[in-house]
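> Below you'll find the structure I mean.
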Amino acid sequence: MMTDKQLFELAIKARENAYAPYSNFKVGAALLAKNGEVYLGCNIENKSYPVTLCAERSAFSNAIVAGVKEFEKIAIVGGKDKLVLCSPCGMCRQFMQEFCYNDFKIILGEDVFQLKTFTLEQLLPESFEL
Ligand code: THU
């Protein structure tokens, strides 16, 4: 059983590998799948700025390449020198919505002792359905 705190600590570790020489804003993500596995992600910037990949989509990509498509929760951390509350961007919310149910949990925080948890439904209400 993976606690929110443990997942948050893994996101902090993933953030160490962030490639963010242009913004200096490093982001890490740890995604818990329903099979119990954790998939890590970090932001990967590019000199052509829009090419940049966010940490959240990087974590989902890792899982999907491994054949995993059912998810429970994700922890996201970000900041320059110190962590700030790093809420997922709109593109990442939509990306998550492709694979996650409304009750998917998104765990944010400036530190491990003050975690804020949201559901995907809270962060992306009235989402698009085909
Ligand atoms: N970033 C993420 O990795 N995830 C988000 O949800 C928001 C933004 C990254 C992209 C860029 O490398 C840096 O944070 C600053 O925008």
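Residues are referred to by chain and number: the chain letter is A, B, ... according to the order shown in the structure tokens, the number counts from 1 in that chain, and ligands are numbered separately from 1 in the order shown.
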Using only C-alpha atoms and all ligand atoms, what table do you get, as a Markdown table, when you list each residue of chain A with an atom no more than 10 Å from ligand 1, its nearest pair of atoms, and their distance in Å rounded to one decimal, rows by chain then rising number?


```
| residue | atom | partner | partner_atom_place_in_ligand_line | distance |
| --- | --- | --- | --- | --- |
| A:Arg15 | CA | ligand 1 | 3 (O) | 9.5 |
| A:Ala18 | CA | ligand 1 | 12 (O) | 8.3 |
| A:Tyr19 | CA | ligand 1 | 12 (O) | 7.6 |
| A:Ala20 | CA | ligand 1 | 12 (O) | 5.5 |
| A:Pro21 | CA | ligand 1 | 12 (O) | 8.5 |
| A:Tyr22 | CA | ligand 1 | 12 (O) | 7.7 |
| A:Ser23 | CA | ligand 1 | 15 (C) | 5.5 |
| A:Asn24 | CA | ligand 1 | 13 (C) | 7.4 |
| A:Phe25 | CA | ligand 1 | 13 (C) | 5.1 |
| A:Lys26 | CA | ligand 1 | 14 (O) | 6.2 |
| A:Val27 | CA | ligand 1 | 3 (O) | 4.9 |
| A:Gly28 | CA | ligand 1 | 3 (O) | 7.1 |
| A:Ala29 | CA | ligand 1 | 3 (O) | 8.3 |
| A:Gly41 | CA | ligand 1 | 3 (O) | 8.6 |
| A:Cys42 | CA | ligand 1 | 3 (O) | 6.4 |
| A:Asn43 | CA | ligand 1 | 3 (O) | 4.3 |
| A:Ile44 | CA | ligand 1 | 12 (O) | 6.1 |
| A:Glu45 | CA | ligand 1 | 12 (O) | 5.0 |
| A:Asn46 | CA | ligand 1 | 12 (O) | 8.3 |
| A:Tyr49 | CA | ligand 1 | 12 (O) | 8.5 |
| A:Pro50 | CA | ligand 1 | 10 (C) | 9.2 |
| A:Val51 | CA | ligand 1 | 12 (O) | 9.6 |
| A:Thr52 | CA | ligand 1 | 12 (O) | 6.0 |
| A:Leu53 | CA | ligand 1 | 10 (C) | 6.4 |
| A:Cys54 | CA | ligand 1 | 3 (O) | 3.3 |
| A:Ala55 | CA | ligand 1 | 3 (O) | 4.0 |
| A:Glu56 | CA | ligand 1 | 4 (N) | 6.0 |
| A:Arg57 | CA | ligand 1 | 4 (N) | 8.0 |
| A:Ser58 | CA | ligand 1 | 3 (O) | 8.4 |
| A:Ile76 | CA | ligand 1 | 4 (N) | 8.1 |
| A:Val77 | CA | ligand 1 | 4 (N) | 8.8 |
| A:Gly78 | CA | ligand 1 | 14 (O) | 7.4 |
| A:Gly79 | CA | ligand 1 | 14 (O) | 8.2 |
| A:Lys80 | CA | ligand 1 | 15 (C) | 9.3 |
| A:Cys86 | CA | ligand 1 | 6 (O) | 6.9 |
| A:Ser87 | CA | ligand 1 | 6 (O) | 5.9 |
| A:Pro88 | CA | ligand 1 | 6 (O) | 3.3 |
| A:Cys89 | CA | ligand 1 | 6 (O) | 3.9 |
| A:Gly90 | CA | ligand 1 | 6 (O) | 7.4 |
| A:Met91 | CA | ligand 1 | 6 (O) | 7.8 |
| A:Cys92 | CA | ligand 1 | 6 (O) | 6.0 |
| A:Arg93 | CA | ligand 1 | 6 (O) | 8.1 |
```

> Give one line per residue of stretch 83-107 of chain A that approaches stretch 113-130 of chain A to at most 6 Å, naming the two atoms of the closest pair and their distance in Å to one decimal, counting only C-alpha atoms; sort by chain then ascending residue number and deliver it as CSV.


```
residue,atom,partner,partner_atom,distance
A:Asn102,CA,A:Glu121,CA,4.7
A:Asp103,CA,A:Thr119,CA,5.3
A:Phe104,CA,A:Thr119,CA,5.5
A:Lys105,CA,A:Thr119,CA,4.6
A:Ile106,CA,A:Phe118,CA,5.2
A:Ile107,CA,A:Thr117,CA,4.5
```

> Would you please extract all strand (DSSP E or B) residues from chain A, as assigned by DSSP on the backbone, and give them as a ChimeraX atom specification?

/A:19,26-33,38-42,44,53,71-79,83-84,105-109,115-119

> Would you compute the distance between atom CA of A:Phe95 and atom CA of A:Leu7? Give it in Å to one decimal.

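Atom CA of A:Leu7 lies at a distance of 20.1 Å from atom CA of A:Phe95.
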
> Take atom CA of A:Lys5 and atom CA of A:Ile74 and report the distance between them in Å, one decimal.

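So the answer is 11.1 Å.
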
> Rounded to one decimal place, report the atom CA of A:Asn35-atom CA of A:Ile12 distance in Å.

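For atom CA of A:Asn35 relative to atom CA of A:Ile12, the distance reads 21.8 Å.
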
> Need to verify the contact set: A:Glu9, 9 Å, only C-alpha atoms, exclusion of same-chain residues closer than 3 positions in sequence. Can you return it as a ChimeraX atom specification?

/A:4-6,12-14,30,75,112
